[in-house]
Amino acid sequence: MAGERAVGLVRELHRATGGHLPPFRTEGLRQALEEMRALYERNQADVSEAKAGRADLIFLIRFRHCCLLRNQRCVLAYLYDRLLRVRALRWECGSVLPNAVQLHLSAEEVRCLRDYGEFEIDDGTTVLLKKNSQHFLPRWKCEQLIRQGVLEHILS
């Protein structure tokens, strides 16, 4: 059924209670996006046929479009909920998260290569950059520190 993978991501977060952060589901997210791509491509093919005079395809095109929007909302809800949970964990644990929590985060992060001190982000949040600490920061906000060799962008 269209949308099962995206809904599954949201269900998993709903089952995780008490601020628990379940593992980041890269594969589930990839599958949901792949499903969205397939729906979009099928819609594009049917739109060209509908323009050629097949009005019976309009209902199917609308249905797929609704499925696409639903998947989009589910994927964004999944990512936003994880963002809120990581933010809450940062406030609770500080800039260095426990290893049990770090294992459940995605691989897109920045590792501090040397002691730097406090780093203030545009929104006023300060992060203490100590050697070997890992932080989840927007790359564009810390690009200069990466070029200076203070931070390292980690990809799995």
# chains A, B, ... in the order shown; residues from 1 in each chain; ligands from 1
call {"tool": "residues_around", "arguments": {"residues": "Leu97 (chain A)", "least_positions_apart": "4", "cutoff": "12 Å", "atoms": "only C-alpha atoms", "output": "short mmCIF file (atom, residue, chain, number, x, y, z; two decimals) with N, CA, C and O atoms, in the first residue's frame"}}
result
data_model
loop_
_atom_site.label_atom_id
_atom_site.label_comp_id
_atom_site.auth_asym_id
_atom_site.auth_seq_id
_atom_site.Cartn_x
_atom_site.Cartn_y
_atom_site.Cartn_z
N LEU A 21 15.20 7.93 22.29
CA LEU A 21 15.51 8.18 20.89
C LEU A 21 15.79 6.85 20.19
O LEU A 21 16.84 6.24 20.41
N VAL A 86 16.46 15.18 19.96
CA VAL A 86 17.91 15.42 20.10
C VAL A 86 18.14 16.73 20.82
O VAL A 86 19.02 16.83 21.69
N ARG A 87 17.35 17.76 20.51
CA ARG A 87 17.48 19.05 21.19
C ARG A 87 17.22 18.89 22.69
O ARG A 87 17.96 19.43 23.51
N ALA A 88 16.20 18.12 23.05
CA ALA A 88 15.90 17.90 24.46
C ALA A 88 17.03 17.14 25.14
O ALA A 88 17.40 17.45 26.29
N LEU A 89 17.60 16.16 24.45
CA LEU A 89 18.73 15.42 25.01
C LEU A 89 19.95 16.32 25.19
O LEU A 89 20.71 16.16 26.15
N ARG A 90 20.14 17.26 24.27
CA ARG A 90 21.27 18.20 24.39
C ARG A 90 21.10 19.07 25.64
O ARG A 90 22.06 19.33 26.35
N TRP A 91 19.88 19.50 25.88
CA TRP A 91 19.65 20.33 27.07
C TRP A 91 19.84 19.50 28.33
O TRP A 91 20.35 19.98 29.34
N GLU A 92 19.46 18.24 28.29
CA GLU A 92 19.56 17.37 29.44
C GLU A 92 20.98 16.90 29.70
O GLU A 92 21.46 16.91 30.84
N CYS A 93 21.70 16.50 28.65
CA CYS A 93 23.02 15.88 28.80
C CYS A 93 24.18 16.80 28.50
O CYS A 93 25.32 16.47 28.79
N VAL A 101 23.11 6.96 23.37
CA VAL A 101 22.31 7.87 22.55
C VAL A 101 22.99 8.12 21.22
O VAL A 101 22.34 8.17 20.18
N GLN A 102 24.30 8.26 21.22
CA GLN A 102 25.03 8.55 19.99
C GLN A 102 24.89 7.43 18.96
O GLN A 102 24.90 7.69 17.76
N LEU A 103 24.71 6.20 19.42
CA LEU A 103 24.54 5.08 18.50
C LEU A 103 23.24 5.19 17.72
O LEU A 103 23.11 4.63 16.63
N HIS A 104 22.26 5.93 18.25
CA HIS A 104 20.96 6.04 17.61
C HIS A 104 20.83 7.27 16.71
O HIS A 104 19.77 7.51 16.15
N LEU A 105 21.88 8.03 16.59
CA LEU A 105 21.83 9.22 15.75
C LEU A 105 22.30 8.88 14.34
O LEU A 105 22.96 7.87 14.11
N ASN A 132 37.52 15.47 20.44
CA ASN A 132 36.83 14.19 20.29
C ASN A 132 35.34 14.22 20.63
O ASN A 132 34.70 13.18 20.67
N SER A 133 34.78 15.40 20.88
CA SER A 133 33.34 15.47 21.09
C SER A 133 32.65 15.54 19.73
O SER A 133 33.21 16.07 18.77
N GLN A 134 31.45 14.98 19.65
CA GLN A 134 30.71 14.97 18.40
C GLN A 134 29.45 15.81 18.56
O GLN A 134 28.77 15.75 19.58
N HIS A 135 29.16 16.60 17.54
CA HIS A 135 28.04 17.53 17.59
C HIS A 135 27.23 17.43 16.31
O HIS A 135 27.77 17.16 15.25
N PHE A 136 25.95 17.67 16.43
CA PHE A 136 25.06 17.70 15.27
C PHE A 136 24.74 19.15 14.99
O PHE A 136 23.87 19.75 15.60
#
call {"tool": "select_by_dssp", "arguments": {"residues": "region 29-142 of chain A", "states": "strand (DSSP E or B)", "output": "mmCIF file with all heavy atoms, in the first residue's frame"}}
result
data_model
loop_
_atom_site.group_PDB
_atom_site.id
_atom_site.type_symbol
_atom_site.label_atom_id
_atom_site.label_comp_id
_atom_site.auth_asym_id
_atom_site.auth_seq_id
_atom_site.Cartn_x
_atom_site.Cartn_y
_atom_site.Cartn_z
ATOM 1 N N GLU A 109 27.371 14.196 11.153
ATOM 2 C CA GLU A 109 27.728 14.973 12.336
ATOM 3 C C GLU A 109 29.127 15.606 12.115
ATOM 4 O O GLU A 109 29.822 15.303 11.158
ATOM 5 C CB GLU A 109 27.682 14.065 13.560
ATOM 6 C CG GLU A 109 28.580 12.866 13.447
ATOM 7 C CD GLU A 109 28.329 11.841 14.512
ATOM 8 O OE1 GLU A 109 27.344 11.988 15.250
ATOM 9 O OE2 GLU A 109 29.089 10.900 14.625
ATOM 10 N N VAL A 110 29.444 16.302 13.085
ATOM 11 C CA VAL A 110 30.743 16.997 13.108
ATOM 12 C C VAL A 110 31.495 16.598 14.362
ATOM 13 O O VAL A 110 30.983 16.687 15.446
ATOM 14 C CB VAL A 110 30.544 18.519 13.080
ATOM 15 C CG1 VAL A 110 31.848 19.257 13.214
ATOM 16 C CG2 VAL A 110 29.826 18.947 11.826
ATOM 17 N N ARG A 111 32.777 16.163 14.193
ATOM 18 C CA ARG A 111 33.616 15.784 15.335
ATOM 19 C C ARG A 111 34.652 16.870 15.562
ATOM 20 O O ARG A 111 35.264 17.379 14.621
ATOM 21 C CB ARG A 111 34.314 14.464 15.056
ATOM 22 C CG ARG A 111 35.273 14.078 16.194
ATOM 23 C CD ARG A 111 35.986 12.791 15.929
ATOM 24 N NE ARG A 111 35.038 11.708 15.876
ATOM 25 C CZ ARG A 111 35.099 10.715 14.991
ATOM 26 N NH1 ARG A 111 36.052 10.676 14.106
ATOM 27 N NH2 ARG A 111 34.213 9.767 15.000
ATOM 28 N N CYS A 112 34.861 17.214 16.814
ATOM 29 C CA CYS A 112 35.825 18.236 17.175
ATOM 30 C C CYS A 112 37.211 17.593 17.258
ATOM 31 O O CYS A 112 37.414 16.608 17.947
ATOM 32 C CB CYS A 112 35.435 18.856 18.520
ATOM 33 S SG CYS A 112 36.356 20.332 18.905
ATOM 34 N N GLY A 117 36.711 25.655 22.625
ATOM 35 C CA GLY A 117 35.954 26.515 23.531
ATOM 36 C C GLY A 117 34.501 26.600 23.088
ATOM 37 O O GLY A 117 33.981 25.719 22.418
ATOM 38 N N GLU A 118 33.858 27.693 23.443
ATOM 39 C CA GLU A 118 32.440 27.844 23.115
ATOM 40 C C GLU A 118 32.265 28.365 21.696
ATOM 41 O O GLU A 118 33.005 29.234 21.247
ATOM 42 C CB GLU A 118 31.758 28.779 24.100
ATOM 43 C CG GLU A 118 31.605 28.174 25.477
ATOM 44 C CD GLU A 118 30.740 29.012 26.391
ATOM 45 O OE1 GLU A 118 30.371 30.141 26.009
ATOM 46 O OE2 GLU A 118 30.428 28.532 27.485
ATOM 47 N N PHE A 119 31.268 27.818 21.024
ATOM 48 C CA PHE A 119 30.924 28.213 19.662
ATOM 49 C C PHE A 119 29.459 28.597 19.672
ATOM 50 O O PHE A 119 28.604 27.809 20.052
ATOM 51 C CB PHE A 119 31.185 27.048 18.695
ATOM 52 C CG PHE A 119 30.766 27.309 17.285
ATOM 53 C CD1 PHE A 119 31.383 28.281 16.523
ATOM 54 C CD2 PHE A 119 29.738 26.587 16.707
ATOM 55 C CE1 PHE A 119 31.010 28.521 15.219
ATOM 56 C CE2 PHE A 119 29.350 26.816 15.397
ATOM 57 C CZ PHE A 119 29.985 27.786 14.658
ATOM 58 N N GLU A 120 29.180 29.832 19.281
ATOM 59 C CA GLU A 120 27.797 30.316 19.292
ATOM 60 C C GLU A 120 27.203 30.233 17.894
ATOM 61 O O GLU A 120 27.780 30.683 16.916
ATOM 62 C CB GLU A 120 27.729 31.758 19.793
ATOM 63 C CG GLU A 120 26.306 32.240 19.960
ATOM 64 C CD GLU A 120 26.217 33.586 20.653
ATOM 65 O OE1 GLU A 120 27.231 34.038 21.218
ATOM 66 O OE2 GLU A 120 25.146 34.171 20.623
ATOM 67 N N THR A 126 24.900 28.043 22.348
ATOM 68 C CA THR A 126 26.344 27.876 22.420
ATOM 69 C C THR A 126 26.664 26.398 22.597
ATOM 70 O O THR A 126 25.978 25.671 23.312
ATOM 71 C CB THR A 126 26.959 28.679 23.579
ATOM 72 O OG1 THR A 126 26.362 28.258 24.805
ATOM 73 C CG2 THR A 126 26.765 30.159 23.381
ATOM 74 N N VAL A 127 27.718 25.966 21.933
ATOM 75 C CA VAL A 127 28.169 24.574 21.994
ATOM 76 C C VAL A 127 29.624 24.601 22.442
ATOM 77 O O VAL A 127 30.425 25.370 21.917
ATOM 78 C CB VAL A 127 28.045 23.901 20.608
ATOM 79 C CG1 VAL A 127 28.548 22.475 20.656
ATOM 80 C CG2 VAL A 127 26.619 23.959 20.105
ATOM 81 N N LEU A 128 29.946 23.776 23.424
ATOM 82 C CA LEU A 128 31.317 23.686 23.910
ATOM 83 C C LEU A 128 32.055 22.654 23.058
ATOM 84 O O LEU A 128 31.711 21.471 23.044
ATOM 85 C CB LEU A 128 31.347 23.266 25.381
ATOM 86 C CG LEU A 128 32.713 23.227 26.031
ATOM 87 C CD1 LEU A 128 33.379 24.602 25.977
ATOM 88 C CD2 LEU A 128 32.603 22.748 27.463
ATOM 89 N N LEU A 129 33.050 23.110 22.321
ATOM 90 C CA LEU A 129 33.799 22.249 21.414
ATOM 91 C C LEU A 129 35.067 21.755 22.107
ATOM 92 O O LEU A 129 36.023 22.490 22.278
ATOM 93 C CB LEU A 129 34.156 23.004 20.131
ATOM 94 C CG LEU A 129 32.985 23.538 19.313
ATOM 95 C CD1 LEU A 129 33.486 24.336 18.125
ATOM 96 C CD2 LEU A 129 32.090 22.402 18.866
ATOM 97 N N GLN A 134 31.446 14.983 19.652
ATOM 98 C CA GLN A 134 30.706 14.972 18.397
ATOM 99 C C GLN A 134 29.451 15.813 18.558
ATOM 100 O O GLN A 134 28.771 15.753 19.576
ATOM 101 C CB GLN A 134 30.336 13.548 17.991
ATOM 102 C CG GLN A 134 31.554 12.729 17.667
ATOM 103 C CD GLN A 134 31.195 11.328 17.235
ATOM 104 O OE1 GLN A 134 30.042 10.956 17.191
ATOM 105 N NE2 GLN A 134 32.199 10.544 16.913
ATOM 106 N N HIS A 135 29.161 16.596 17.540
ATOM 107 C CA HIS A 135 28.040 17.528 17.592
ATOM 108 C C HIS A 135 27.231 17.429 16.310
ATOM 109 O O HIS A 135 27.774 17.156 15.247
ATOM 110 C CB HIS A 135 28.552 18.966 17.758
ATOM 111 C CG HIS A 135 29.487 19.126 18.909
ATOM 112 N ND1 HIS A 135 29.062 19.302 20.187
ATOM 113 C CD2 HIS A 135 30.845 19.092 18.968
ATOM 114 C CE1 HIS A 135 30.104 19.394 20.997
ATOM 115 N NE2 HIS A 135 31.208 19.271 20.269
#
call {"tool": "closest_residue", "arguments": {"among": "A:Lys130, A:Gln148, A:Ala55, A:Pro22", "to": "Val96 (chain A)", "atoms": "only C-alpha atoms"}}
result
A:Lys130
call {"tool": "residues_around", "arguments": {"residues": "region 2-19 of chain A", "least_positions_apart": "3", "cutoff": "12 Å", "atoms": "only C-alpha atoms", "output": "PDB file with C-alpha atoms, in the first residue's frame"}}
result
ATOM      1  CA  PRO A  22      15.121   5.136  18.636  1.00  0.00           C
ATOM      2  CA  PRO A  23      17.858   4.406  16.068  1.00  0.00           C
ATOM      3  CA  PHE A  24      17.834   6.554  12.949  1.00  0.00           C
ATOM      4  CA  ARG A  25      16.242   4.503  10.175  1.00  0.00           C
ATOM      5  CA  THR A  26      18.303   5.433   7.134  1.00  0.00           C
ATOM      6  CA  GLU A  27      17.018   2.460   5.169  1.00  0.00           C
ATOM      7  CA  GLY A  28      13.375   3.138   6.064  1.00  0.00           C
ATOM      8  CA  LEU A  29      13.771   6.769   5.087  1.00  0.00           C
ATOM      9  CA  ARG A  30      15.432   5.788   1.822  1.00  0.00           C
ATOM     10  CA  GLN A  31      12.603   3.363   1.047  1.00  0.00           C
ATOM     11  CA  ALA A  32       9.953   5.998   1.774  1.00  0.00           C
ATOM     12  CA  LEU A  33      11.699   8.470  -0.532  1.00  0.00           C
ATOM     13  CA  GLU A  34      12.067   5.807  -3.221  1.00  0.00           C
ATOM     14  CA  GLU A  35       8.351   5.074  -2.961  1.00  0.00           C
ATOM     15  CA  MET A  36       7.636   8.777  -3.354  1.00  0.00           C
ATOM     16  CA  ARG A  37       9.842   8.926  -6.447  1.00  0.00           C
ATOM     17  CA  ALA A  38       8.025   5.964  -7.997  1.00  0.00           C
ATOM     18  CA  LEU A  39       4.621   7.521  -7.284  1.00  0.00           C
ATOM     19  CA  TYR A  40       5.770  10.788  -8.826  1.00  0.00           C
ATOM     20  CA  PHE A  63      -4.992   9.756  -5.392  1.00  0.00           C
ATOM     21  CA  ARG A  64      -1.276   9.380  -6.019  1.00  0.00           C
ATOM     22  CA  HIS A  65      -0.774  13.081  -5.393  1.00  0.00           C
ATOM     23  CA  CYS A  66      -2.502  12.746  -2.018  1.00  0.00           C
ATOM     24  CA  CYS A  67      -0.256   9.760  -1.244  1.00  0.00           C
ATOM     25  CA  LEU A  68       2.790  11.851  -2.113  1.00  0.00           C
ATOM     26  CA  LEU A  69       1.673  14.657   0.188  1.00  0.00           C
ATOM     27  CA  ARG A  70       0.965  12.182   2.995  1.00  0.00           C
ATOM     28  CA  ASN A  71       4.405  10.588   2.616  1.00  0.00           C
ATOM     29  CA  GLN A  72       6.001  14.024   2.609  1.00  0.00           C
ATOM     30  CA  ARG A  73       4.207  14.974   5.825  1.00  0.00           C
ATOM     31  CA  CYS A  74       5.195  11.678   7.472  1.00  0.00           C
ATOM     32  CA  VAL A  75       8.881  11.994   6.531  1.00  0.00           C
ATOM     33  CA  LEU A  76       9.000  15.601   7.714  1.00  0.00           C
ATOM     34  CA  ALA A  77       7.207  14.669  10.957  1.00  0.00           C
ATOM     35  CA  TYR A  78       9.740  11.881  11.535  1.00  0.00           C
ATOM     36  CA  LEU A  79      12.720  14.176  11.017  1.00  0.00           C
ATOM     37  CA  TYR A  80      11.227  17.039  13.031  1.00  0.00           C
ATOM     38  CA  ASP A  81      10.322  14.798  15.967  1.00  0.00           C
ATOM     39  CA  ARG A  82      13.856  13.413  16.023  1.00  0.00           C
ATOM     40  CA  LEU A  83      15.190  16.960  15.933  1.00  0.00           C
ATOM     41  CA  LEU A  84      13.097  17.881  18.976  1.00  0.00           C
ATOM     42  CA  ARG A  85      14.218  14.766  20.840  1.00  0.00           C
ATOM     43  CA  VAL A  86      17.906  15.419  20.098  1.00  0.00           C
ATOM     44  CA  ARG A  87      17.480  19.050  21.186  1.00  0.00           C
ATOM     45  CA  ALA A  88      15.895  17.902  24.464  1.00  0.00           C
ATOM     46  CA  LEU A  89      18.732  15.423  25.013  1.00  0.00           C
ATOM     47  CA  ARG A  90      21.268  18.201  24.394  1.00  0.00           C
ATOM     48  CA  GLU A  92      19.555  17.366  29.445  1.00  0.00           C
ATOM     49  CA  VAL A 101      22.306   7.868  22.555  1.00  0.00           C
TER      50      VAL A 101
END
call {"tool": "atom_distance", "arguments": {"atom1": "CA of Arg114 (chain A)", "atom2": "CA of Val150 (chain A)"}}
result
5.8 Å
call {"tool": "atom_distance", "arguments": {"atom1": "CA of Lys131 (chain A)", "atom2": "CA of Glu143 (chain A)"}}
result
17.4 Å
call {"tool": "select_by_dssp", "arguments": {"residues": "chain A", "states": "alpha helix (DSSP H)", "output": "PyMOL selection string"}}
result
chain A and resi 4-15+26-51+58-93+99-102+139-148
call {"tool": "atom_distance", "arguments": {"atom1": "CA of Ile146 (chain A)", "atom2": "CA of Leu113 (chain A)"}}
result
9.5 Å
call {"tool": "residues_around", "arguments": {"residues": "Lys141 (chain A)", "least_positions_apart": "4", "cutoff": "9 Å", "atoms": "only C-alpha atoms", "output": "count of residues only"}}
result
4
